[in-house]
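Shown here: structure-v1.cif, mmCIF, C-alpha atoms.
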data_data
#
loop_
_atom_site.group_PDB
_atom_site.id
_atom_site.type_symbol
_atom_site.label_atom_id
_atom_site.label_comp_id
_atom_site.auth_asym_id
_atom_site.auth_seq_id
_atom_site.Cartn_x
_atom_site.Cartn_y
_atom_site.Cartn_z
ATOM 1 C CA MET A 1 37.693 67.700 18.673
ATOM 2 C CA LYS A 2 41.060 67.906 20.388
ATOM 3 C CA GLY A 3 39.534 66.485 23.561
ATOM 4 C CA THR A 4 38.075 63.539 21.653
ATOM 5 C CA LEU A 5 41.432 62.813 20.037
ATOM 6 C CA ILE A 6 43.212 62.784 23.390
ATOM 7 C CA VAL A 7 40.552 60.475 24.819
ATOM 8 C CA VAL A 8 40.927 58.001 21.942
ATOM 9 C CA LEU A 9 44.703 58.181 22.104
ATOM 10 C CA VAL A 10 44.910 57.660 25.860
ATOM 11 C CA PHE A 11 42.507 54.740 25.674
ATOM 12 C CA ALA A 12 44.357 53.161 22.741
ATOM 13 C CA ILE A 13 47.720 53.493 24.503
ATOM 14 C CA GLY A 14 46.138 51.868 27.556
ATOM 15 C CA CYS A 15 44.865 48.978 25.438
ATOM 16 C CA LEU A 16 48.297 48.487 23.869
ATOM 17 C CA ALA A 17 50.033 48.644 27.240
ATOM 18 C CA GLY A 18 47.647 46.011 28.587
ATOM 19 C CA TYR A 19 47.850 43.825 25.500
ATOM 20 C CA SER A 20 51.635 43.860 25.300
ATOM 21 C CA GLY A 21 51.895 43.089 28.988
ATOM 22 C CA LEU A 22 53.892 46.282 29.507
ATOM 23 C CA ILE A 23 51.570 47.080 32.365
ATOM 24 C CA ASN A 24 50.162 44.154 34.272
ATOM 25 C CA LEU A 25 47.530 45.294 36.746
ATOM 26 C CA GLU A 26 47.436 41.899 38.406
ATOM 27 C CA SER A 27 51.076 42.169 39.383
ATOM 28 C CA PHE A 28 49.997 44.913 41.768
ATOM 29 C CA GLY A 29 47.721 42.455 43.545
ATOM 30 C CA GLU A 30 44.493 43.628 45.115
ATOM 31 C CA ILE A 31 45.124 47.296 44.401
ATOM 32 C CA GLY A 32 45.770 46.646 40.714
ATOM 33 C CA ALA A 33 42.625 44.564 40.284
ATOM 34 C CA ASN A 34 40.482 47.283 41.810
ATOM 35 C CA LEU A 35 42.394 50.236 40.378
ATOM 36 C CA THR A 36 39.594 51.321 38.018
ATOM 37 C CA MET A 37 37.234 51.451 40.971
ATOM 38 C CA TYR A 38 39.593 53.590 43.059
ATOM 39 C CA VAL A 39 40.098 56.011 40.191
ATOM 40 C CA LEU A 40 36.339 56.100 39.696
ATOM 41 C CA TYR A 41 35.748 57.013 43.339
ATOM 42 C CA LEU A 42 38.385 59.741 43.124
ATOM 43 C CA LEU A 43 36.701 61.093 39.993
ATOM 44 C CA ILE A 44 33.233 61.115 41.494
ATOM 45 C CA PHE A 45 34.582 62.832 44.617
ATOM 46 C CA LEU A 46 36.172 65.525 42.444
ATOM 47 C CA VAL A 47 32.904 65.955 40.538
ATOM 48 C CA GLY A 48 31.182 66.375 43.906
ATOM 49 C CA ILE A 49 33.643 69.084 44.936
ATOM 50 C CA SER A 50 33.227 70.940 41.678
ATOM 51 C CA MET A 51 29.452 70.864 42.176
ATOM 52 C CA GLY A 52 29.773 71.976 45.797
ATOM 53 C CA CYS A 53 31.789 75.056 44.961
ATOM 54 C CA ASN A 54 29.644 75.893 41.941
ATOM 55 C CA PRO A 55 27.910 79.207 42.772
ATOM 56 C CA GLU A 56 24.928 78.076 40.683
ATOM 57 C CA LEU A 57 24.319 74.988 42.844
ATOM 58 C CA LYS A 58 21.108 76.356 44.359
ATOM 59 C CA LYS A 59 19.724 77.216 40.962
ATOM 60 C CA ILE A 60 20.587 73.754 39.647
ATOM 61 C CA ILE A 61 18.812 71.994 42.497
ATOM 62 C CA LYS A 62 15.791 74.278 42.124
ATOM 63 C CA SER A 63 15.538 73.457 38.422
ATOM 64 C CA VAL A 64 14.901 69.755 39.105
ATOM 65 C CA SER A 65 11.353 68.782 38.212
ATOM 66 C CA PRO A 66 9.548 65.428 38.150
ATOM 67 C CA LYS A 67 9.592 65.416 34.365
ATOM 68 C CA ILE A 68 13.276 64.552 34.579
ATOM 69 C CA PHE A 69 12.112 60.964 35.168
ATOM 70 C CA LEU A 70 11.023 60.911 31.535
ATOM 71 C CA LEU A 71 14.671 60.907 30.493
ATOM 72 C CA PRO A 72 15.480 57.351 31.701
ATOM 73 C CA LEU A 73 12.148 56.265 30.229
ATOM 74 C CA VAL A 74 12.908 57.543 26.725
ATOM 75 C CA THR A 75 16.484 56.294 27.092
ATOM 76 C CA ILE A 76 15.213 52.767 27.660
ATOM 77 C CA LEU A 77 12.537 53.035 24.931
ATOM 78 C CA GLY A 78 14.996 54.393 22.383
ATOM 79 C CA THR A 79 17.487 51.651 23.155
ATOM 80 C CA LEU A 80 14.862 48.924 22.826
ATOM 81 C CA CYS A 81 13.345 50.287 19.584
ATOM 82 C CA PHE A 82 16.697 50.548 17.850
ATOM 83 C CA SER A 83 17.944 47.214 19.212
ATOM 84 C CA ALA A 84 14.831 45.587 17.743
ATOM 85 C CA LEU A 85 15.405 47.358 14.424
ATOM 86 C CA VAL A 86 19.052 46.361 14.168
ATOM 87 C CA SER A 87 18.189 42.742 14.971
ATOM 88 C CA LEU A 88 16.988 42.553 11.349
ATOM 89 C CA LEU A 89 20.591 43.058 10.230
ATOM 90 C CA ILE A 90 22.041 40.500 12.599
ATOM 91 C CA SER A 91 21.920 36.901 11.524
ATOM 92 C CA GLY A 92 21.732 34.055 13.991
ATOM 93 C CA TRP A 93 19.934 35.898 16.780
ATOM 94 C CA GLY A 94 16.245 36.623 17.195
ATOM 95 C CA VAL A 95 14.686 39.962 18.016
ATOM 96 C CA PHE A 96 14.262 39.077 21.704
ATOM 97 C CA ASP A 97 17.917 38.032 21.965
ATOM 98 C CA CYS A 98 18.906 41.452 20.657
ATOM 99 C CA LEU A 99 16.448 43.152 22.995
ATOM 100 C CA ALA A 100 17.936 41.269 25.951
ATOM 101 C CA VAL A 101 21.426 42.442 24.944
ATOM 102 C CA GLY A 102 20.192 46.019 24.454
ATOM 103 C CA SER A 103 18.484 46.021 27.864
ATOM 104 C CA GLY A 104 21.951 45.815 29.383
ATOM 105 C CA MET A 105 21.947 49.624 29.031
ATOM 106 C CA GLY A 106 25.730 49.737 29.373
ATOM 107 C CA TYR A 107 25.830 47.573 32.490
ATOM 108 C CA TYR A 108 28.121 44.970 30.967
ATOM 109 C CA SER A 109 29.048 42.856 33.972
ATOM 110 C CA LEU A 110 25.476 42.264 35.118
ATOM 111 C CA SER A 111 23.836 41.885 31.700
ATOM 112 C CA SER A 112 26.369 39.362 30.398
ATOM 113 C CA VAL A 113 26.090 37.183 33.496
ATOM 114 C CA LEU A 114 22.287 37.346 33.501
ATOM 115 C CA ILE A 115 22.032 36.481 29.821
ATOM 116 C CA SER A 116 24.430 33.529 29.928
ATOM 117 C CA GLN A 117 22.481 32.181 32.887
ATOM 118 C CA TYR A 118 18.898 32.740 31.763
ATOM 119 C CA LYS A 119 19.528 31.645 28.189
ATOM 120 C CA GLU A 120 21.243 28.384 29.118
ATOM 121 C CA ALA A 121 17.954 26.471 29.234
ATOM 122 C CA SER A 122 16.650 27.567 25.841
ATOM 123 C CA LEU A 123 19.867 27.988 23.833
ATOM 124 C CA GLY A 124 22.295 25.571 25.451
ATOM 125 C CA VAL A 125 25.526 26.409 27.254
ATOM 126 C CA GLN A 126 27.565 27.240 24.154
ATOM 127 C CA LEU A 127 25.128 29.684 22.513
ATOM 128 C CA ALA A 128 24.137 31.224 25.840
ATOM 129 C CA ALA A 129 27.788 31.971 26.593
ATOM 130 C CA GLU A 130 28.133 33.465 23.122
ATOM 131 C CA LEU A 131 25.157 35.776 23.595
ATOM 132 C CA GLY A 132 26.530 36.664 27.030
ATOM 133 C CA THR A 133 29.810 37.656 25.408
ATOM 134 C CA ILE A 134 27.946 39.767 22.845
ATOM 135 C CA ALA A 135 26.169 41.486 25.750
ATOM 136 C CA LEU A 136 29.525 42.092 27.432
ATOM 137 C CA LEU A 137 31.080 43.578 24.297
ATOM 138 C CA THR A 138 27.975 45.566 23.321
ATOM 139 C CA ASN A 139 27.742 47.263 26.662
ATOM 140 C CA ILE A 140 31.488 47.929 26.878
ATOM 141 C CA PHE A 141 31.311 49.478 23.402
ATOM 142 C CA ARG A 142 28.377 51.582 24.500
ATOM 143 C CA GLU A 143 30.351 52.948 27.436
ATOM 144 C CA MET A 144 33.391 53.604 25.229
ATOM 145 C CA PHE A 145 31.214 55.263 22.593
ATOM 146 C CA THR A 146 29.805 57.628 25.209
ATOM 147 C CA LEU A 147 33.197 58.450 26.728
ATOM 148 C CA ILE A 148 34.681 59.204 23.321
ATOM 149 C CA CYS A 149 31.753 60.857 21.545
ATOM 150 C CA ALA A 150 30.225 62.846 24.432
ATOM 151 C CA PRO A 151 31.402 66.256 23.111
ATOM 152 C CA LEU A 152 30.030 65.526 19.655
ATOM 153 C CA LEU A 153 26.753 64.180 21.047
ATOM 154 C CA VAL A 154 26.218 67.383 23.025
ATOM 155 C CA ARG A 155 26.998 69.553 20.017
ATOM 156 C CA TRP A 156 24.907 67.601 17.484
ATOM 157 C CA PHE A 157 21.913 66.483 19.550
ATOM 158 C CA SER A 158 21.222 67.818 23.040
ATOM 159 C CA PRO A 159 22.765 68.158 26.509
ATOM 160 C CA PHE A 160 20.838 64.969 27.332
ATOM 161 C CA ALA A 161 22.502 62.983 24.536
ATOM 162 C CA PRO A 162 25.544 61.673 26.473
ATOM 163 C CA ILE A 163 23.292 60.831 29.440
ATOM 164 C CA ALA A 164 20.999 58.761 27.221
ATOM 165 C CA SER A 165 23.917 57.155 25.428
ATOM 166 C CA ALA A 166 25.615 56.294 28.733
ATOM 167 C CA GLY A 167 22.556 54.455 30.115
ATOM 168 C CA VAL A 168 23.425 53.032 33.519
ATOM 169 C CA THR A 169 26.944 54.451 33.441
ATOM 170 C CA ALA A 170 25.549 58.012 33.475
ATOM 171 C CA VAL A 171 25.840 57.810 37.247
ATOM 172 C CA ASP A 172 29.343 56.316 37.437
ATOM 173 C CA VAL A 173 32.002 55.923 34.744
ATOM 174 C CA CYS A 174 30.512 58.398 32.276
ATOM 175 C CA LEU A 175 29.329 60.982 34.824
ATOM 176 C CA PRO A 176 32.509 63.098 34.863
ATOM 177 C CA VAL A 177 32.598 63.215 31.058
ATOM 178 C CA ILE A 178 28.921 64.170 30.947
ATOM 179 C CA ILE A 179 29.473 67.017 33.424
ATOM 180 C CA ARG A 180 32.524 68.230 31.514
ATOM 181 C CA THR A 181 30.753 68.265 28.159
ATOM 182 C CA ALA A 182 27.090 69.092 28.920
ATOM 183 C CA GLY A 183 27.704 71.304 31.951
ATOM 184 C CA ASP A 184 27.023 71.171 35.691
ATOM 185 C CA ARG A 185 23.297 71.735 35.285
ATOM 186 C CA VAL A 186 22.692 68.237 33.860
ATOM 187 C CA LEU A 187 23.989 66.533 37.025
ATOM 188 C CA PRO A 188 20.524 65.788 38.483
ATOM 189 C CA ALA A 189 19.353 64.423 35.120
ATOM 190 C CA ALA A 190 22.432 62.180 34.885
ATOM 191 C CA VAL A 191 22.032 60.795 38.413
ATOM 192 C CA VAL A 192 18.281 60.175 38.046
ATOM 193 C CA SER A 193 18.720 58.577 34.632
ATOM 194 C CA GLY A 194 21.606 56.362 35.761
ATOM 195 C CA VAL A 195 19.819 55.141 38.872
ATOM 196 C CA VAL A 196 16.487 54.420 37.167
ATOM 197 C CA THR A 197 18.036 52.580 34.206
ATOM 198 C CA ASP A 198 20.162 50.625 36.686
ATOM 199 C CA PHE A 199 17.024 49.199 38.252
ATOM 200 C CA SER A 200 15.555 48.431 34.841
ATOM 201 C CA VAL A 201 18.460 46.193 33.759
ATOM 202 C CA PRO A 202 17.745 42.994 35.760
ATOM 203 C CA VAL A 203 14.000 43.344 35.142
ATOM 204 C CA LEU A 204 14.196 43.881 31.376
ATOM 205 C CA VAL A 205 17.039 41.443 30.708
ATOM 206 C CA SER A 206 15.267 38.589 32.459
ATOM 207 C CA PHE A 207 11.981 39.552 30.788
ATOM 208 C CA PHE A 208 13.413 39.418 27.265
ATOM 209 C CA CYS A 209 15.328 36.244 28.043
ATOM 210 C CA SER A 210 12.085 34.525 29.029
ATOM 211 C CA LEU A 211 10.348 35.329 25.726
ATOM 212 C CA MET B 1 26.365 52.500 43.378
ATOM 213 C CA PHE B 2 25.070 53.567 46.782
ATOM 214 C CA TYR B 3 28.635 54.236 47.959
ATOM 215 C CA LEU B 4 29.376 56.069 44.743
ATOM 216 C CA ILE B 5 26.512 58.513 45.323
ATOM 217 C CA LEU B 6 27.602 58.835 48.949
ATOM 218 C CA THR B 7 31.109 59.698 47.748
ATOM 219 C CA MET B 8 29.697 62.357 45.470
ATOM 220 C CA LEU B 9 27.645 63.882 48.294
ATOM 221 C CA ALA B 10 30.783 63.920 50.463
ATOM 222 C CA GLY B 11 32.471 65.788 47.622
ATOM 223 C CA VAL B 12 29.613 68.296 47.400
ATOM 224 C CA VAL B 13 29.876 68.985 51.149
ATOM 225 C CA ALA B 14 33.660 69.352 50.858
ATOM 226 C CA GLY B 15 33.132 71.714 47.925
ATOM 227 C CA LEU B 16 30.626 73.800 49.862
ATOM 228 C CA LEU B 17 33.018 74.092 52.803
ATOM 229 C CA MET B 18 35.917 75.086 50.568
ATOM 230 C CA ARG B 19 34.005 77.607 48.472
ATOM 231 C CA LYS B 20 36.435 80.371 49.318
ATOM 232 C CA VAL B 21 39.553 78.413 48.328
ATOM 233 C CA LYS B 22 40.786 79.981 45.115
ATOM 234 C CA SER B 23 42.739 77.060 43.708
ATOM 235 C CA LEU B 24 39.491 75.105 43.455
ATOM 236 C CA SER B 25 38.675 76.985 40.269
ATOM 237 C CA HIS B 26 41.105 74.605 38.578
ATOM 238 C CA ILE B 27 39.116 71.543 39.615
ATOM 239 C CA GLY B 28 37.846 71.128 36.056
ATOM 240 C CA LYS B 29 41.403 70.488 34.908
ATOM 241 C CA ALA B 30 41.928 67.964 37.694
ATOM 242 C CA ILE B 31 38.758 66.157 36.603
ATOM 243 C CA SER B 32 39.933 66.075 32.976
ATOM 244 C CA VAL B 33 43.295 64.611 33.959
ATOM 245 C CA THR B 34 41.613 61.997 36.157
ATOM 246 C CA ILE B 35 39.275 61.109 33.276
ATOM 247 C CA TYR B 36 42.347 60.422 31.125
ATOM 248 C CA LEU B 37 43.818 58.311 33.906
ATOM 249 C CA MET B 38 40.615 56.307 34.162
ATOM 250 C CA LEU B 39 40.440 55.779 30.401
ATOM 251 C CA PHE B 40 44.035 54.596 30.425
ATOM 252 C CA VAL B 41 43.375 52.088 33.190
ATOM 253 C CA LEU B 42 40.191 50.903 31.461
ATOM 254 C CA GLY B 43 42.265 50.437 28.320
ATOM 255 C CA VAL B 44 44.863 48.398 30.176
ATOM 256 C CA LYS B 45 42.108 46.265 31.657
ATOM 257 C CA ILE B 46 40.434 45.575 28.314
ATOM 258 C CA GLY B 47 43.750 45.116 26.487
ATOM 259 C CA SER B 48 44.780 42.391 28.901
ATOM 260 C CA ASP B 49 41.380 40.655 29.052
ATOM 261 C CA GLU B 50 41.797 37.473 27.021
ATOM 262 C CA ASN B 51 38.092 36.653 26.996
ATOM 263 C CA ILE B 52 37.270 39.962 25.331
ATOM 264 C CA LEU B 53 40.144 39.856 22.836
ATOM 265 C CA ALA B 54 39.513 36.254 21.772
ATOM 266 C CA ASN B 55 35.897 37.001 20.854
ATOM 267 C CA LEU B 56 36.430 40.439 19.363
ATOM 268 C CA SER B 57 36.845 39.228 15.779
ATOM 269 C CA THR B 58 33.805 36.940 15.657
ATOM 270 C CA LEU B 59 31.252 38.594 17.912
ATOM 271 C CA GLY B 60 32.692 42.101 17.839
ATOM 272 C CA LEU B 61 30.851 43.294 14.745
ATOM 273 C CA GLN B 62 27.438 42.200 16.019
ATOM 274 C CA ALA B 63 28.209 43.792 19.370
ATOM 275 C CA LEU B 64 29.310 47.015 17.687
ATOM 276 C CA LEU B 65 26.061 47.178 15.706
ATOM 277 C CA LEU B 66 23.980 46.604 18.832
ATOM 278 C CA ALA B 67 25.982 49.135 20.825
ATOM 279 C CA LEU B 68 25.602 51.851 18.206
ATOM 280 C CA ALA B 69 21.902 51.081 17.782
ATOM 281 C CA GLY B 70 21.234 51.194 21.517
ATOM 282 C CA ALA B 71 23.222 54.351 22.102
ATOM 283 C CA MET B 72 21.914 56.268 19.097
ATOM 284 C CA GLY B 73 18.316 55.131 19.621
ATOM 285 C CA SER B 74 18.343 56.579 23.105
ATOM 286 C CA VAL B 75 20.162 59.708 21.878
ATOM 287 C CA PHE B 76 17.455 60.380 19.255
ATOM 288 C CA PHE B 77 14.635 59.808 21.721
ATOM 289 C CA ALA B 78 16.321 61.998 24.332
ATOM 290 C CA ALA B 79 16.816 64.764 21.754
ATOM 291 C CA VAL B 80 13.070 64.768 21.036
ATOM 292 C CA LEU B 81 12.299 64.861 24.771
ATOM 293 C CA TYR B 82 14.707 67.753 25.252
ATOM 294 C CA LYS B 83 13.187 69.727 22.370
ATOM 295 C CA LEU B 84 9.621 69.161 23.551
ATOM 296 C CA LEU B 85 9.891 69.646 27.297
ATOM 297 C CA PHE B 86 13.221 71.074 28.394
ATOM 298 C CA GLN B 87 14.590 73.533 25.871
ATOM 299 C CA LYS B 88 12.333 76.402 26.915
ATOM 300 C CA ASP B 89 13.519 76.085 30.529
ATOM 301 C CA VAL B 90 17.061 76.803 29.457
ATOM 302 C CA ASN B 91 16.215 79.817 27.313
ATOM 303 C CA ARG B 92 14.104 81.365 30.019
#
When written as structure tokens, how does the structure in this file appear?
Amino acid sequence: MKGTLIVVLVFAIGCLAGYSGLINLESFGEIGANLTMYVLYLLIFLVGISMGCNPELKKIIKSVSPKIFLLPLVTILGTLCFSALVSLLISGWGVFDCLAVGSGMGYYSLSSVLISQYKEASLGVQLAAELGTIALLTNIFREMFTLICAPLLVRWFSPFAPIASAGVTAVDVCLPVIIRTAGDRVLPAAVVSGVVTDFSVPVLVSFFCSL
Amino acid sequence: MFYLILTMLAGVVAGLLMRKVKSLSHIGKAISVTIYLMLFVLGVKIGSDENILANLSTLGLQALLLALAGAMGSVFFAAVLYKLLFQKDVNR
């Protein structure tokens, strides 16, 4: 619980600092604009080191079996089922619009661009941009939700829960949090799940946009 | 993403080579601190993104619903998968 609180607090302070203009990343030029990426690379490198010096590494690699590919599959299915269900509560958008947004799987930059482009023909520029923004927000929220709730998800559901919740980001932004909360042994599952869902995003988003 | 996985593999190799280095047992703490740093920077980025802030009040609720549905749907499905196929591997 303490970890979750710190995460929320740090993120909120960051938001405030950005909003108030106290910290302006763009004033640092190129480095500032790409800062999140640099920090991400540092993080992933550290995760790599911690795996490398884990004495259980051999055991972890041995434990990988083909059935791990079922995890991205159920992740995608679960997302789609519940996105379709919740579309009943959302006015103004059809079930396929909601499915297209859900298929973003946490990949907010790609899904929002794809949706605003593909939907332009059927919805018009204004509505397509709106749905694109919903996709952007939805998938940012999904990433935030995973980062913040990962410890609770592991405790209440399963070690796979933060991987499923992370979607595409299981292999990048959320990976360190997943390893810290669910343990080193889920690393292969996280990488496989992140990579497979990543490939599913352009396919599924364009599919649901065409319906 | 390709470079990201490459970076991780480089880290694994570095970790393997430095197995004997004692201070590496604190790497978990270093990861935690870096996670906080990343969250902070993500916060700054979102807090200063006018496009996101301007639409938060109108589209935010719908997006929140969809995000929770997507995340929890996959969490439920993954929990079933874990129970059915993976739990016994761990207890073995």
Inset, instruction - Please evaluate the PyMOL selection byres ((chain B) within 6 of (chain A)) against the displayed coordinates and give the resulting residues as a ChimeraX atom specification. - result: /B:7-8,11-12,14-16,19,39-40,43-44,47-48,63-64,67,69-71,73-75,77,79
Inset, instruction - State, in Å with one decimal place, the distance from CA of Leu68 (chain B) to CA of Pro151 (chain A). - result: 16.3 Å
Legend entry - CA of Glu50 (chain B) to CA of Gln117 (chain A), distance in Å rounded to a single decimal: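 Taking CA of Glu50 (chain B) and CA of Gln117 (chain A), their separation equals 20.9 Å.
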Inset, instruction - Evaluate the PyMOL selection byres ((chain A and resi 60) around 9) here and jot the selected residues down as a list in words. - result: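 With the PyMOL selection byres ((chain A and resi 60) around 9) on this model, the match is Glu56, Leu57, Lys58, Lys59, Ile61, Lys62, Ser63, Val64, Asp184, Arg185, Val186, Leu187 and Pro188 of chain A.
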Inset, instruction - Identify all residues satisfying the PyMOL selection byres ((chain A and resi 201) around 9) in the given file; provide them as a PyMOL selection string. - result: chain A and resi 103-105+107+110-111+168+197-200+202-206
Would you output that residue set with C-alpha atoms, as a CSV table (one decimal), keeping the file's coordinate frame?
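The resulting file, again-v1.csv, is shown below:
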chain,number,residue,atom,x,y,z
A,103,SER,CA,18.5,46.0,27.9
A,104,GLY,CA,22.0,45.8,29.4
A,105,MET,CA,21.9,49.6,29.0
A,107,TYR,CA,25.8,47.6,32.5
A,110,LEU,CA,25.5,42.3,35.1
A,111,SER,CA,23.8,41.9,31.7
A,168,VAL,CA,23.4,53.0,33.5
A,197,THR,CA,18.0,52.6,34.2
A,198,ASP,CA,20.2,50.6,36.7
A,199,PHE,CA,17.0,49.2,38.3
A,200,SER,CA,15.6,48.4,34.8
A,202,PRO,CA,17.7,43.0,35.8
A,203,VAL,CA,14.0,43.3,35.1
A,204,LEU,CA,14.2,43.9,31.4
A,205,VAL,CA,17.0,41.4,30.7
A,206,SER,CA,15.3,38.6,32.5
Legend entry - Atomic distance CA of Ala54 (chain B) - CA of Met72 (chain B), expressed in Å with one decimal: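 Between these atoms lies a distance of 26.8 Å.
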Legend entry - Residue among A:Cys209, A:Ile31, A:Leu5, A:Val192 lying closest to Ala121 (chain A), counting all atoms listed in the file: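 Looking only at the distances to Ala121 (chain A), the closest residue turns out to be A:Cys209.
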How big is the axis-aligned box around all listed atoms of region 16-22 of chain B once 4 Å goes on each side, and where's its centre, in Å to one decimal, as AutoDock Vina command-line options?
--center_x 35.7 --center_y 77.1 --center_z 49.0 --size_x 18.2 --size_y 14.6 --size_z 15.7
